[in-house]
>>> print(open('query-v5.pdb').read())   # PDB, C-alpha atoms
ATOM      1  CA  VAL A  67      18.616 -12.039  -9.964
ATOM      2  CA  LYS A  68      21.193 -14.837 -10.135
ATOM      3  CA  ASP A  69      18.304 -17.313 -10.551
ATOM      4  CA  ILE A  70      16.965 -15.619 -13.705
ATOM      5  CA  LYS A  71      18.236 -17.567 -16.707
ATOM      6  CA  ILE A  72      17.293 -17.457 -20.394
ATOM      7  CA  ILE A  73      17.395 -20.921 -21.947
ATOM      8  CA  SER A  74      16.846 -21.818 -25.605
ATOM      9  CA  ASP A  75      14.606 -24.765 -26.424
ATOM     10  CA  ASN A  76      16.512 -25.178 -29.696
ATOM     11  CA  PRO A  77      20.209 -26.155 -29.307
ATOM     12  CA  ASN A  78      20.997 -24.248 -32.504
ATOM     13  CA  PHE A  79      20.234 -20.984 -30.721
ATOM     14  CA  ALA A  80      22.278 -21.578 -27.553
ATOM     15  CA  GLU A  81      24.692 -18.760 -28.419
ATOM     16  CA  TYR A  82      21.756 -16.331 -28.692
ATOM     17  CA  ALA A  83      20.593 -17.344 -25.224
ATOM     18  CA  PHE A  84      24.113 -16.766 -23.917
ATOM     19  CA  LEU A  85      24.201 -13.230 -25.339
ATOM     20  CA  TYR A  86      20.678 -12.528 -24.162
ATOM     21  CA  ASN A  87      21.606 -13.624 -20.626
ATOM     22  CA  HIS A  88      24.469 -11.122 -20.663
ATOM     23  CA  GLU A  89      22.239  -8.274 -21.872
ATOM     24  CA  ALA A  90      19.482  -9.158 -19.398
ATOM     25  CA  TYR A  91      21.936  -9.208 -16.507
ATOM     26  CA  GLU A  92      23.304  -5.800 -17.505
ATOM     27  CA  TRP A  93      19.771  -4.409 -17.699
ATOM     28  CA  MET A  94      18.900  -5.853 -14.278
ATOM     29  CA  LYS A  95      21.935  -4.134 -12.775
ATOM     30  CA  GLN A  96      21.170  -0.783 -14.388
ATOM     31  CA  SER A  97      17.474  -0.856 -13.469
ATOM     32  CA  ASP A  98      17.973  -2.122  -9.868
ATOM     33  CA  PHE A  99      15.823  -5.132 -10.697
ATOM     34  CA  SER A 100      16.827  -6.835  -7.438
ATOM     35  CA  LEU A 101      15.252  -3.931  -5.528
ATOM     36  CA  PHE A 102      12.097  -4.378  -7.616
ATOM     37  CA  LEU A 103      11.972  -8.096  -6.724
ATOM     38  CA  ASN A 104      12.229  -7.305  -3.011
ATOM     39  CA  ASN A 105       9.453  -4.707  -3.249
ATOM     40  CA  PHE A 106       7.392  -7.123  -5.344
ATOM     41  CA  GLY A 107       7.584  -9.922  -2.774
ATOM     42  CA  GLN A 108       6.881  -7.711   0.229
ATOM     43  CA  THR A 109       3.916  -5.949  -1.385
ATOM     44  CA  ARG A 110       2.360  -9.192  -2.592
ATOM     45  CA  ALA A 111       2.569 -10.849   0.817
ATOM     46  CA  ARG A 112       1.532  -7.796   2.827
ATOM     47  CA  TYR A 113      -1.499  -6.644   0.820
ATOM     48  CA  GLY A 114      -2.602  -9.930  -0.726
ATOM     49  CA  GLY A 115      -1.557  -8.996  -4.244
ATOM     50  CA  VAL A 116       0.874  -6.919  -6.272
ATOM     51  CA  LEU A 117       0.239  -4.779  -9.350
ATOM     52  CA  VAL A 118       3.224  -4.363 -11.667
ATOM     53  CA  LYS A 119       3.595  -1.841 -14.487
ATOM     54  CA  LYS A 120       5.864  -2.006 -17.525
ATOM     55  CA  CYS A 121       7.083   1.398 -18.738
ATOM     56  CA  GLN A 122       9.011   2.094 -21.916
ATOM     57  CA  TYR A 123      10.534   5.518 -22.277
ATOM     58  CA  LYS A 124      13.034   7.178 -24.550
ATOM     59  CA  GLU A 125      15.253  10.121 -23.730
ATOM     60  CA  PRO A 126      16.122  12.483 -26.628
ATOM     61  CA  GLY A 127      18.953  10.992 -28.652
ATOM     62  CA  GLU A 128      19.054   7.784 -26.629
ATOM     63  CA  GLN A 129      17.831   4.223 -27.054
ATOM     64  CA  GLU A 130      14.426   3.210 -25.716
ATOM     65  CA  GLU A 131      14.618   1.896 -22.156
ATOM     66  CA  LEU A 132      12.441  -0.575 -20.272
ATOM     67  CA  GLU A 133      11.453  -0.059 -16.642
ATOM     68  CA  ILE A 134       9.306  -2.291 -14.422
ATOM     69  CA  GLU A 135       7.844  -0.913 -11.205
ATOM     70  CA  VAL A 136       5.474  -1.928  -8.422
ATOM     71  CA  VAL A 137       2.394   0.314  -8.421
ATOM     72  CA  PRO A 138       1.674   1.709  -4.909
ATOM     73  CA  TRP A 139      -1.795   0.592  -3.852
ATOM     74  CA  LYS A 140      -2.527   3.935  -2.170
ATOM     75  CA  ASN A 141      -2.404   5.741  -5.547
ATOM     76  CA  VAL A 142      -4.399   3.305  -7.688
ATOM     77  CA  ILE A 143      -8.110   2.670  -8.276
ATOM     78  CA  THR A 144      -9.080  -0.718  -9.720
ATOM     79  CA  ASP A 145     -12.091  -2.921 -10.344
ATOM     80  CA  PRO A 146     -12.722  -4.654  -6.980
ATOM     81  CA  VAL A 147     -13.819  -7.870  -8.721
ATOM     82  CA  ASP A 148     -11.174  -8.267 -11.444
ATOM     83  CA  ILE A 149      -8.155  -5.984 -11.243
ATOM     84  CA  CYS A 150      -6.461  -6.566 -14.598
ATOM     85  CA  GLN A 151      -9.624  -6.977 -16.687
ATOM     86  CA  GLY A 152     -11.150  -3.770 -15.320
ATOM     87  CA  ILE A 153     -10.119  -0.132 -15.629
ATOM     88  CA  ILE A 154      -6.935   0.828 -13.765
ATOM     89  CA  THR A 155      -6.518   4.448 -12.680
ATOM     90  CA  GLU A 156      -3.270   5.744 -11.257
ATOM     91  CA  LYS A 157      -3.184   9.101  -9.506
ATOM     92  CA  HIS A 158       0.055  11.068  -9.771
ATOM     93  CA  TYR A 159       0.874  14.416  -8.177
ATOM     94  CA  MET A 160       3.060  16.507 -10.475
ATOM     95  CA  LEU A 161       4.753  19.828  -9.874
ATOM     96  CA  PRO A 162       4.171  22.583 -12.462
ATOM     97  CA  ASN A 163       7.748  22.285 -13.722
ATOM     98  CA  GLU A 164       7.304  18.518 -14.182
ATOM     99  CA  LEU A 165       4.226  19.148 -16.288
ATOM    100  CA  ALA A 166       6.051  21.805 -18.309
ATOM    101  CA  GLU A 167       8.745  19.239 -19.224
ATOM    102  CA  LYS A 168       6.033  17.141 -20.937
ATOM    103  CA  ARG A 169       5.252  19.733 -23.639
ATOM    104  CA  ASP A 170       6.834  17.567 -26.354
ATOM    105  CA  VAL A 171       4.745  14.474 -25.569
ATOM    106  CA  TRP A 172       1.518  15.788 -23.988
ATOM    107  CA  GLU A 173      -1.012  18.366 -25.168
ATOM    108  CA  ASN A 174      -2.855  21.148 -23.315
ATOM    109  CA  ILE A 175       0.009  21.656 -20.867
ATOM    110  CA  ASP A 176      -0.742  25.396 -20.568
ATOM    111  CA  LYS A 177      -4.374  24.650 -19.691
ATOM    112  CA  ALA A 178      -3.231  22.201 -17.034
ATOM    113  CA  LEU A 179      -0.837  24.786 -15.560
ATOM    114  CA  LYS A 180      -3.629  27.372 -15.450
ATOM    115  CA  LEU A 181      -5.778  24.784 -13.748
ATOM    116  CA  GLY A 182      -3.015  24.329 -11.182
ATOM    117  CA  ASN A 183      -2.924  28.091 -10.584
ATOM    118  CA  LYS A 184      -6.681  28.076  -9.947
ATOM    119  CA  MET A 185      -6.278  25.269  -7.438
ATOM    120  CA  GLU A 186      -3.501  27.188  -5.683
ATOM    121  CA  LYS A 187      -5.681  30.313  -5.458
ATOM    122  CA  ASN A 188      -8.498  28.228  -4.028
ATOM    123  CA  LEU A 189      -6.010  26.857  -1.526
ATOM    124  CA  GLN A 190      -5.219  30.385  -0.382
ATOM    125  CA  LYS A 191      -8.947  30.997   0.092
ATOM    126  CA  GLY A 192      -9.193  27.868   2.187
ATOM    127  CA  VAL A 193     -11.222  25.916  -0.375
ATOM    128  CA  ALA A 194      -8.766  23.211  -1.396
ATOM    129  CA  GLN A 195      -7.827  20.479   1.048
ATOM    130  CA  THR A 196      -4.344  19.748  -0.231
ATOM    131  CA  GLN A 197      -1.398  21.703   1.151
ATOM    132  CA  THR A 198       0.749  21.677  -1.972
ATOM    133  CA  ASN A 199       0.903  23.174  -5.446
ATOM    134  CA  ARG A 200       1.156  19.745  -7.044
ATOM    135  CA  ILE A 201      -1.398  19.076  -9.762
ATOM    136  CA  PRO A 202      -3.273  15.737  -9.685
ATOM    137  CA  VAL A 203      -2.780  13.789 -12.912
ATOM    138  CA  TYR A 204      -4.809  10.654 -13.588
ATOM    139  CA  GLU A 205      -3.465   7.877 -15.800
ATOM    140  CA  ILE A 206      -6.452   5.767 -16.888
ATOM    141  CA  THR A 207      -5.936   2.445 -18.693
ATOM    142  CA  GLY A 208      -8.651   0.036 -19.757
ATOM    143  CA  VAL A 209     -10.981  -1.261 -22.439
ATOM    144  CA  PHE A 210     -13.423   1.431 -23.620
ATOM    145  CA  ASN A 211     -15.854   1.634 -26.501
ATOM    146  CA  GLU A 212     -15.034   3.878 -29.466
ATOM    147  CA  THR A 213     -17.115   6.799 -28.210
ATOM    148  CA  PHE A 214     -14.483   7.423 -25.518
ATOM    149  CA  ASP A 215     -11.883   8.121 -28.185
ATOM    150  CA  PRO A 216     -11.698  11.947 -28.551
ATOM    151  CA  GLU A 217     -10.708  11.541 -32.208
ATOM    152  CA  ILE A 218     -13.936   9.644 -32.938
ATOM    153  CA  GLY A 219     -16.352  10.926 -30.303
ATOM    154  CA  GLU A 220     -20.063  10.300 -30.732
ATOM    155  CA  GLN A 221     -19.462   8.969 -34.240
ATOM    156  CA  GLY A 222     -17.958   5.836 -32.717
ATOM    157  CA  ASP A 223     -19.658   2.475 -32.318
ATOM    158  CA  GLU A 224     -20.636   1.674 -28.722
ATOM    159  CA  THR A 225     -20.351  -2.036 -29.456
ATOM    160  CA  VAL A 226     -16.712  -1.813 -30.582
ATOM    161  CA  PHE A 227     -14.144  -1.851 -27.790
ATOM    162  CA  LYS A 228     -10.411  -1.255 -27.701
ATOM    163  CA  LEU A 229      -7.645  -0.878 -25.141
ATOM    164  CA  MET A 230      -6.780   2.765 -24.524
ATOM    165  CA  ARG A 231      -4.813   4.916 -22.106
ATOM    166  CA  PHE A 232      -5.736   8.476 -21.122
ATOM    167  CA  VAL A 233      -3.802  11.047 -19.098
ATOM    168  CA  VAL A 234      -6.057  13.657 -17.472
ATOM    169  CA  ALA A 235      -5.032  16.589 -15.248
ATOM    170  CA  GLY A 236      -7.184  18.156 -12.559
ATOM    171  CA  ASP A 237      -9.910  17.097 -10.161
ATOM    172  CA  ALA A 238     -13.595  16.434 -10.753
ATOM    173  CA  GLY A 239     -15.279  19.312 -12.539
ATOM    174  CA  ASN A 240     -12.032  20.862 -13.807
ATOM    175  CA  GLN A 241     -10.135  18.385 -15.938
ATOM    176  CA  VAL A 242      -7.934  18.630 -19.029
ATOM    177  CA  LEU A 243      -7.057  15.775 -21.373
ATOM    178  CA  LEU A 244      -3.287  15.686 -21.831
ATOM    179  CA  PHE A 245      -2.668  12.454 -23.707
ATOM    180  CA  LYS A 246      -4.450   9.531 -25.331
ATOM    181  CA  GLU A 247      -3.127   6.409 -27.063
ATOM    182  CA  ASP A 248      -4.309   3.022 -28.263
ATOM    183  CA  LEU A 249      -2.547   0.018 -26.756
ATOM    184  CA  GLU A 250      -1.940  -3.455 -28.113
ATOM    185  CA  GLU A 251      -1.529  -4.955 -24.647
ATOM    186  CA  SER A 252      -1.970  -3.757 -21.085
ATOM    187  CA  PRO A 253       1.203  -2.507 -19.353
ATOM    188  CA  TYR A 254      -0.088  -3.967 -16.065
ATOM    189  CA  LYS A 255       0.192  -7.433 -14.615
ATOM    190  CA  TYR A 256      -1.260  -8.621 -11.312
ATOM    191  CA  LEU A 257      -0.415 -11.528  -9.031
ATOM    192  CA  SER A 258      -2.349 -12.364  -5.877
ATOM    193  CA  TRP A 259      -0.991 -14.042  -2.756
ATOM    194  CA  GLU A 260      -4.049 -16.164  -1.979
ATOM    195  CA  ASN A 261      -7.024 -15.998  -4.332
ATOM    196  CA  VAL A 262     -10.402 -15.052  -2.874
ATOM    197  CA  PRO A 263     -13.451 -15.964  -5.024
ATOM    198  CA  GLY A 264     -15.349 -12.891  -6.209
ATOM    199  CA  ARG A 265     -12.679 -10.471  -5.081
ATOM    200  CA  GLY A 266      -9.898  -8.923  -7.136
ATOM    201  CA  LEU A 267      -7.416  -8.399  -4.326
ATOM    202  CA  GLY A 268      -6.161 -11.593  -2.722
ATOM    203  CA  ARG A 269      -5.745 -12.351   0.951
ATOM    204  CA  GLY A 270      -2.301 -11.511   2.367
ATOM    205  CA  VAL A 271      -0.499 -12.352   5.572
ATOM    206  CA  VAL A 272      -1.722  -9.147   7.248
ATOM    207  CA  GLU A 273      -5.363 -10.063   6.634
ATOM    208  CA  GLU A 274      -4.676 -13.623   7.801
ATOM    209  CA  GLY A 275      -3.676 -12.133  11.140
ATOM    210  CA  PHE A 276      -6.802  -9.988  11.646
ATOM    211  CA  GLU A 277      -8.530 -12.427  14.002
ATOM    212  CA  ALA A 278      -5.396 -13.040  16.037
ATOM    213  CA  GLN A 279      -4.776  -9.289  16.219
ATOM    214  CA  ARG A 280      -8.319  -8.627  17.466
ATOM    215  CA  TRP A 281      -8.086 -11.124  20.295
ATOM    216  CA  THR A 282      -4.518 -10.140  21.163
ATOM    217  CA  ASN A 283      -5.744  -6.533  21.456
ATOM    218  CA  ASP A 284      -8.595  -7.731  23.682
ATOM    219  CA  ALA A 285      -6.143  -9.623  25.911
ATOM    220  CA  VAL A 286      -3.829  -6.608  26.175
ATOM    221  CA  ILE A 287      -6.769  -4.342  27.098
ATOM    222  CA  GLY A 288      -7.866  -6.805  29.801
ATOM    223  CA  GLU A 289      -4.277  -7.085  31.040
ATOM    224  CA  THR A 290      -3.960  -3.291  31.180
ATOM    225  CA  ASN A 291      -7.214  -2.954  33.133
ATOM    226  CA  ALA A 292      -6.079  -5.640  35.570
ATOM    227  CA  MET A 293      -2.696  -3.930  36.040
ATOM    228  CA  THR A 294      -4.395  -0.558  36.593
ATOM    229  CA  LEU A 295      -6.612  -2.116  39.239
ATOM    230  CA  SER A 296      -3.843  -4.117  40.906
ATOM    231  CA  GLY A 297      -1.595  -1.040  40.990
ATOM    232  CA  LYS A 298      -3.924   0.715  43.422
ATOM    233  CA  VAL A 299      -2.939   0.642  47.109
ATOM    234  CA  VAL A 300      -5.976  -0.273  49.242
ATOM    235  CA  MET A 301      -5.835  -0.816  53.019
ATOM    236  CA  VAL A 302      -8.239  -3.005  55.014
ATOM    237  CA  THR A 303      -8.781  -2.557  58.738
ATOM    238  CA  ASP A 304     -11.367  -3.442  61.364
ATOM    239  CA  SER A 305     -10.274  -0.554  63.587
ATOM    240  CA  GLU A 306     -12.512   2.476  63.905
ATOM    241  CA  ASP A 307      -9.549   4.623  64.903
ATOM    242  CA  VAL A 308      -7.657   4.192  61.611
ATOM    243  CA  GLY A 309      -8.878   6.046  58.536
ATOM    244  CA  ASN A 310      -8.023   8.764  56.020
ATOM    245  CA  ASN A 311      -5.643   8.144  53.088
ATOM    246  CA  ALA A 312      -2.638   5.902  53.645
ATOM    247  CA  ILE A 313      -0.766   7.449  50.713
ATOM    248  CA  THR A 314      -1.109  11.123  51.631
ATOM    249  CA  ASP A 315      -1.295  10.855  55.430
ATOM    250  CA  LEU A 316       1.490   8.337  56.044
ATOM    251  CA  VAL A 317       5.228   8.694  55.467
ATOM    252  CA  ASN A 318       7.992   6.113  55.528
ATOM    253  CA  GLY A 319       8.489   4.794  59.030
ATOM    254  CA  SER A 320       5.020   5.719  60.276
ATOM    255  CA  VAL A 321       3.633   3.569  63.115
ATOM    256  CA  ILE A 322      -0.080   2.757  63.187
ATOM    257  CA  LYS A 323      -1.489   1.983  66.634
ATOM    258  CA  VAL A 324      -4.468  -0.350  66.820
ATOM    259  CA  LYS A 325      -6.258  -1.952  69.740
ATOM    260  CA  ARG A 326      -5.758  -5.563  70.681
ATOM    261  CA  GLY A 327      -7.448  -7.886  68.200
ATOM    262  CA  GLU A 328      -7.667  -5.236  65.449
ATOM    263  CA  THR A 329      -5.666  -5.421  62.199
ATOM    264  CA  VAL A 330      -4.481  -3.191  59.363
ATOM    265  CA  GLN A 331      -3.365  -4.840  56.140
ATOM    266  CA  SER A 332      -3.137  -4.131  52.433
ATOM    267  CA  LEU A 333      -5.650  -5.645  50.006
ATOM    268  CA  SER A 334      -4.307  -7.330  46.874
ATOM    269  CA  LEU A 335      -6.424  -6.472  43.813
ATOM    270  CA  LEU A 336      -4.450  -8.625  41.403
ATOM    271  CA  PRO A 337      -6.899 -11.133  39.833
ATOM    272  CA  SER A 338      -5.935 -14.793  39.923
ATOM    273  CA  SER A 339      -6.439 -15.007  36.137
ATOM    274  CA  PHE A 340      -3.786 -12.360  35.424
ATOM    275  CA  PRO A 341      -1.085 -14.873  34.260
ATOM    276  CA  GLU A 342      -3.566 -16.316  31.744
ATOM    277  CA  TYR A 343      -3.400 -13.146  29.669
ATOM    278  CA  ASN A 344       0.187 -13.977  28.693
ATOM    279  CA  ASN A 345      -0.828 -17.539  27.821
ATOM    280  CA  LEU A 346      -3.671 -16.197  25.678
ATOM    281  CA  LYS A 347      -1.379 -13.812  23.775
ATOM    282  CA  THR A 348       1.172 -16.580  23.225
ATOM    283  CA  SER A 349      -1.528 -18.912  21.881
ATOM    284  CA  TRP A 350      -2.751 -16.343  19.341
ATOM    285  CA  ASP A 351       0.826 -15.523  18.370
ATOM    286  CA  THR A 352       1.492 -19.202  17.690
ATOM    287  CA  GLN A 353      -1.748 -19.501  15.712
ATOM    288  CA  VAL A 354      -0.946 -16.580  13.387
ATOM    289  CA  GLN A 355       2.598 -17.864  12.843
ATOM    290  CA  ARG A 356       1.212 -21.196  11.714
ATOM    291  CA  SER A 357      -1.501 -19.755   9.490
ATOM    292  CA  THR A 358       0.849 -17.305   7.752
ATOM    293  CA  ASN A 359       4.000 -19.445   7.859
ATOM    294  CA  THR A 360       5.963 -16.534   9.352
ATOM    295  CA  PHE A 361       7.928 -18.199  12.114
TER     296      PHE A 361
END
>>> encode(input="query-v5.pdb", output="structure tokens")
Amino acid sequence: VKDIKIISDNPNFAEYAFLYNHEAYEWMKQSDFSLFLNNFGQTRARYGGVLVKKCQYKEPGEQEELEIEVVPWKNVITDPVDICQGIITEKHYMLPNELAEKRDVWENIDKALKLGNKMEKNLQKGVAQTQTNRIPVYEITGVFNETFDPEIGEQGDETVFKLMRFVVAGDAGNQVLLFKEDLEESPYKYLSWENVPGRGLGRGVVEEGFEAQRWTNDAVIGETNAMTLSGKVVMVTDSEDVGNNAITDLVNGSVIKVKRGETVQSLSLLPSSFPEYNNLKTSWDTQVQRSTNTF
């Protein structure tokens, strides 16, 4: 955060920039913005892109606060071609008491709680798959035509579009609308790691290593098979008097008697190419370090 500076293009407003820097630094400390930056960088590199959400909330009797968070990819559904231009759906799991606290800002809370009770009863009957009483709540943001607006309905114009956000509780077939609002701008921003034409999500360092990982796995499997084979104790003899199992029938210090000219020796099953497995793994490791710049 020490590298974030607000600079005025107009020298007459330098004192405003100074004050704004102070306020911004205080906000970054209070909101753990440095932790956000770390999460931002790791998510972007690992998954090939990062989706960020700007939230503004106001506690009763307090000033409106700004919060910026990284949206977990496991809880979000996006347009696979264009993430920010398409519809973004976040799935939250809320406890009944968390929903009850939203009575002042959301509608139909009682219906949502009843819906949660139905889901819990179905869980007891073995119908539901989830093992919790949390209620799924979908936050849907995107550009829709006017007919999607519950205040307008079918009277709306299908050729007129606007940015809206909906909050819906429940799963498919049993859903309750809790909240709807019109937005001037999207609260989401997206940044890819490496752009891929025709694909919303970029290519990250994990995907860059797929090929190296495949062949490293193949080398390790071959190495394991070779070690399993070479770990077996096999005896070779040209004597007809020696037989049975050398492991179970012989103890330490046993003496094997053979006739003149006959031999008993162990057979090495270690393949001559065994050391090459390490060279192969090292080569792929070097390749993925170069391609992802992760030395």
>>> residues_around(input="query-v5.pdb", residues="Glu274 (chain A)", least_positions_apart="2", cutoff="8 Å", atoms="only C-alpha atoms", output="MDAnalysis selection string")
chainID A and resid 269:272 276:277 354 357:358
>>> resolve_selection(input="query-v5.pdb", expression="the PyMOL selection byres ((chain A and resi 168-174) around 10)", output="compact mmCIF listing (two decimals) with C-alpha atoms, in the frame of the given file")
# COMPACT_ATOMS: atom_id res chain seq x y z
CA ASN A 163 7.75 22.28 -13.72
CA GLU A 164 7.30 18.52 -14.18
CA LEU A 165 4.23 19.15 -16.29
CA ALA A 166 6.05 21.80 -18.31
CA GLU A 167 8.74 19.24 -19.22
CA ILE A 175 0.01 21.66 -20.87
CA ASP A 176 -0.74 25.40 -20.57
CA LYS A 177 -4.37 24.65 -19.69
CA ALA A 178 -3.23 22.20 -17.03
CA LEU A 179 -0.84 24.79 -15.56
CA VAL A 233 -3.80 11.05 -19.10
CA ALA A 235 -5.03 16.59 -15.25
CA VAL A 242 -7.93 18.63 -19.03
CA LEU A 243 -7.06 15.78 -21.37
CA LEU A 244 -3.29 15.69 -21.83
CA PHE A 245 -2.67 12.45 -23.71
CA LYS A 246 -4.45 9.53 -25.33
>>> residues_around(input="query-v5.pdb", residues="Gln279 (chain A)", least_positions_apart="4", cutoff="9 Å", atoms="all atoms listed in the file", output="ChimeraX atom specification")
/A:275,283-284,350-351,354
>>> atom_distance(input="query-v5.pdb", atom1="CA of Pro263 (chain A)", atom2="CA of Asn211 (chain A)")
27.9 Å
>>> resolve_selection(input="query-v5.pdb", expression="the PyMOL selection byres ((chain A and resi 295) around 12)", output="ChimeraX atom specification")
/A:288-294,296-300,333-337,340
>>> closest_residue(input="query-v5.pdb", among="A:Gly114, A:Asp237, A:Ile154, A:Glu133", to="Trp93 (chain A)", atoms="all atoms listed in the file")
A:Glu133
>>> atom_distance(input="query-v5.pdb", atom1="CA of Arg231 (chain A)", atom2="CA of Trp259 (chain A)")
27.4 Å
>>> residues_around(input="query-v5.pdb", residues="region 321-323 of chain A", least_positions_apart="2", cutoff="12 Å", atoms="only C-alpha atoms", output="number ranges by chain")
A: 303, 305-309, 312, 315-319, 325-331
>>> atom_distance(input="query-v5.pdb", atom1="CA of Ser100 (chain A)", atom2="CA of Gln355 (chain A)")
27.1 Å
>>> axis_aligned_box(input="query-v5.pdb", around="region 273-285 of chain A", padding_each_side="5 Å", output="AutoDock Vina command-line options")
--center_x -6.1 --center_y -10.1 --center_z 16.3 --size_x 14.9 --size_y 17.1 --size_z 29.3
>>> resolve_selection(input="query-v5.pdb", expression="the PyMOL selection byres ((chain A and resi 213-229) around 12)", output="PyMOL selection string")
chain A and resi 151-154+206-212+230-232+243-253
